[in-house]
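These notes concern the structure reproduced below.
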Amino acid sequence: MIGDLSMLLTGSYRRTLDDKLRLSLPKQLREQIGFPQQTSLFIAPGTDKTLVIYTLETLEKLGNAMDKLNPAAKDARAFTRLFFAQAQPADVDRQGRLRIPTELATLAEISSEVVILGARNHLEIWNTSSWDEFLANTRSRYDELAESVMGRCSDTPHAPLN
């Protein structure tokens, strides 16, 4: 995803939502997004039945990148409509929690147990069983995926540190 190149969100954390669908962000992720100064986030549908969380700056950069798409392209129009129509503000409260809107929780099949991932410039929220299935199906392909993806990155730091 397009985003703030200075932001580096990492890690995976299992969490339980409360009865109001509030998610307690792990301290490490709160620090990485700049909490408590940064409290305004946006939550939107992701891919693979996930939800994504962006800062305003990252969401604006994503929108600017989408503005460069051909407005006559049917897929671009459809995706942009679906994405931005469902994206919603998600303010982080003083305890470091944000509320997941009911309709987005339903879309991602999220009830009470979730996994929240740092995914470089955004966060992803997964239903725990979907995340566990993704890991089971994908982890064994790590080397193959690394070769494919890292091989396409022109500035990847492959050399050993001296």
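Within each chain, counting starts at residue 1; across the structure tokens, chains are named A, B, ... in the order shown, with ligands numbered 1 upward in that order.
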Next item on the list: Can you pull out every residue within 8 Å of Thr16 in chain A, counting only C-alpha atoms, but drop anything in the same chain fewer than 5 positions away, and send it as a PyMOL selection string?
Entry: chain A and resi 23+112-114
Next item on the list: Would you please give, as a ChimeraX atom specification, all residues of range 25-91 of chain A that DSSP assigns to alpha helix (DSSP H) based on the backbone?
Entry: /A:27-33,56-67,74-86
Restricting the output to N, CA and C atoms, write the selected residues as an mmCIF file, in the first residue's frame.
data_model
loop_
_atom_site.group_PDB
_atom_site.id
_atom_site.type_symbol
_atom_site.label_atom_id
_atom_site.label_comp_id
_atom_site.auth_asym_id
_atom_site.auth_seq_id
_atom_site.Cartn_x
_atom_site.Cartn_y
_atom_site.Cartn_z
ATOM 1 N N LYS A 27 1.081 -1.267 23.081
ATOM 2 C CA LYS A 27 1.926 -0.106 23.375
ATOM 3 C C LYS A 27 2.940 0.145 22.261
ATOM 4 N N GLN A 28 3.561 -0.915 21.750
ATOM 5 C CA GLN A 28 4.562 -0.756 20.696
ATOM 6 C C GLN A 28 3.965 -0.082 19.460
ATOM 7 N N LEU A 29 2.753 -0.480 19.075
ATOM 8 C CA LEU A 29 2.110 0.117 17.901
ATOM 9 C C LEU A 29 1.665 1.544 18.189
ATOM 10 N N ARG A 30 1.169 1.795 19.406
ATOM 11 C CA ARG A 30 0.792 3.175 19.764
ATOM 12 C C ARG A 30 1.999 4.090 19.646
ATOM 13 N N GLU A 31 3.147 3.625 20.125
ATOM 14 C CA GLU A 31 4.368 4.433 20.041
ATOM 15 C C GLU A 31 4.775 4.644 18.587
ATOM 16 N N GLN A 32 4.652 3.597 17.761
ATOM 17 C CA GLN A 32 5.054 3.686 16.360
ATOM 18 C C GLN A 32 4.181 4.657 15.570
ATOM 19 N N ILE A 33 2.895 4.802 15.933
ATOM 20 C CA ILE A 33 2.032 5.742 15.216
ATOM 21 C C ILE A 33 2.110 7.147 15.801
ATOM 22 N N LEU A 56 -4.142 9.730 9.020
ATOM 23 C CA LEU A 56 -4.698 10.643 8.030
ATOM 24 C C LEU A 56 -3.685 10.903 6.915
ATOM 25 N N GLU A 57 -2.432 11.111 7.279
ATOM 26 C CA GLU A 57 -1.387 11.390 6.291
ATOM 27 C C GLU A 57 -1.244 10.234 5.294
ATOM 28 N N THR A 58 -1.233 9.014 5.793
ATOM 29 C CA THR A 58 -1.083 7.855 4.913
ATOM 30 C C THR A 58 -2.315 7.677 4.031
ATOM 31 N N LEU A 59 -3.508 7.889 4.603
ATOM 32 C CA LEU A 59 -4.730 7.769 3.811
ATOM 33 C C LEU A 59 -4.768 8.833 2.709
ATOM 34 N N GLU A 60 -4.311 10.047 3.016
ATOM 35 C CA GLU A 60 -4.257 11.096 1.996
ATOM 36 C C GLU A 60 -3.285 10.718 0.877
ATOM 37 N N LYS A 61 -2.143 10.137 1.213
ATOM 38 C CA LYS A 61 -1.186 9.708 0.190
ATOM 39 C C LYS A 61 -1.779 8.595 -0.676
ATOM 40 N N LEU A 62 -2.504 7.688 -0.052
ATOM 41 C CA LEU A 62 -3.166 6.626 -0.805
ATOM 42 C C LEU A 62 -4.201 7.232 -1.755
ATOM 43 N N GLY A 63 -4.989 8.183 -1.258
ATOM 44 C CA GLY A 63 -5.973 8.863 -2.099
ATOM 45 C C GLY A 63 -5.320 9.606 -3.256
ATOM 46 N N ASN A 64 -4.187 10.270 -2.984
ATOM 47 C CA ASN A 64 -3.467 10.974 -4.047
ATOM 48 C C ASN A 64 -2.973 10.002 -5.113
ATOM 49 N N ALA A 65 -2.510 8.830 -4.691
ATOM 50 C CA ALA A 65 -2.068 7.820 -5.656
ATOM 51 C C ALA A 65 -3.257 7.331 -6.490
ATOM 52 N N MET A 66 -4.414 7.154 -5.850
ATOM 53 C CA MET A 66 -5.602 6.716 -6.581
ATOM 54 C C MET A 66 -6.099 7.785 -7.544
ATOM 55 N N ASP A 67 -5.858 9.061 -7.220
ATOM 56 C CA ASP A 67 -6.257 10.152 -8.119
ATOM 57 C C ASP A 67 -5.558 10.049 -9.470
ATOM 58 N N LYS A 74 -13.301 1.210 -15.131
ATOM 59 C CA LYS A 74 -14.403 0.704 -14.305
ATOM 60 C C LYS A 74 -13.912 0.149 -12.961
ATOM 61 N N ASP A 75 -12.838 -0.638 -12.955
ATOM 62 C CA ASP A 75 -12.316 -1.211 -11.703
ATOM 63 C C ASP A 75 -11.819 -0.130 -10.753
ATOM 64 N N ALA A 76 -11.159 0.883 -11.288
ATOM 65 C CA ALA A 76 -10.658 1.981 -10.454
ATOM 66 C C ALA A 76 -11.820 2.713 -9.793
ATOM 67 N N ARG A 77 -12.862 3.006 -10.561
ATOM 68 C CA ARG A 77 -14.041 3.687 -10.001
ATOM 69 C C ARG A 77 -14.707 2.832 -8.936
ATOM 70 N N ALA A 78 -14.887 1.559 -9.237
ATOM 71 C CA ALA A 78 -15.574 0.673 -8.296
ATOM 72 C C ALA A 78 -14.787 0.528 -6.999
ATOM 73 N N PHE A 79 -13.473 0.295 -7.110
ATOM 74 C CA PHE A 79 -12.670 0.135 -5.897
ATOM 75 C C PHE A 79 -12.653 1.422 -5.079
ATOM 76 N N THR A 80 -12.432 2.550 -5.733
ATOM 77 C CA THR A 80 -12.371 3.826 -5.017
ATOM 78 C C THR A 80 -13.682 4.096 -4.285
ATOM 79 N N ARG A 81 -14.792 3.837 -4.938
ATOM 80 C CA ARG A 81 -16.100 4.029 -4.290
ATOM 81 C C ARG A 81 -16.254 3.123 -3.073
ATOM 82 N N LEU A 82 -15.982 1.837 -3.268
ATOM 83 C CA LEU A 82 -16.137 0.891 -2.156
ATOM 84 C C LEU A 82 -15.220 1.226 -0.990
ATOM 85 N N PHE A 83 -13.974 1.525 -1.302
ATOM 86 C CA PHE A 83 -12.984 1.788 -0.255
ATOM 87 C C PHE A 83 -13.335 3.036 0.552
ATOM 88 N N PHE A 84 -13.494 4.177 -0.129
ATOM 89 C CA PHE A 84 -13.719 5.426 0.593
ATOM 90 C C PHE A 84 -15.116 5.522 1.199
ATOM 91 N N ALA A 85 -16.108 4.875 0.606
ATOM 92 C CA ALA A 85 -17.450 4.887 1.186
ATOM 93 C C ALA A 85 -17.495 4.124 2.505
ATOM 94 N N GLN A 86 -16.635 3.129 2.647
ATOM 95 C CA GLN A 86 -16.636 2.319 3.866
ATOM 96 C C GLN A 86 -15.582 2.743 4.884
#
List as an mmCIF file with C-alpha atoms, in the first residue's frame the protein and nucleic acid residues near Asp93 in chain A, meaning an atom at most 8 Å away when only C-alpha atoms are counted, but skip any in the same chain fewer than 4 places from it.
data_model
loop_
_atom_site.group_PDB
_atom_site.id
_atom_site.type_symbol
_atom_site.label_atom_id
_atom_site.label_comp_id
_atom_site.auth_asym_id
_atom_site.auth_seq_id
_atom_site.Cartn_x
_atom_site.Cartn_y
_atom_site.Cartn_z
ATOM 1 C CA THR A 39 -5.010 9.917 17.860
ATOM 2 C CA ARG A 97 -8.357 1.853 22.291
ATOM 3 C CA LEU A 98 -10.265 2.372 19.078
#
Notebook entry, point to check: Expressed in Å to a single decimal, how great is the separation between CA of Ser129 in chain A and CA of Asp48 in chain A?
Noted result: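 Straight-line distance from CA of Ser129 in chain A to CA of Asp48 in chain A works out to 12.3 Å.
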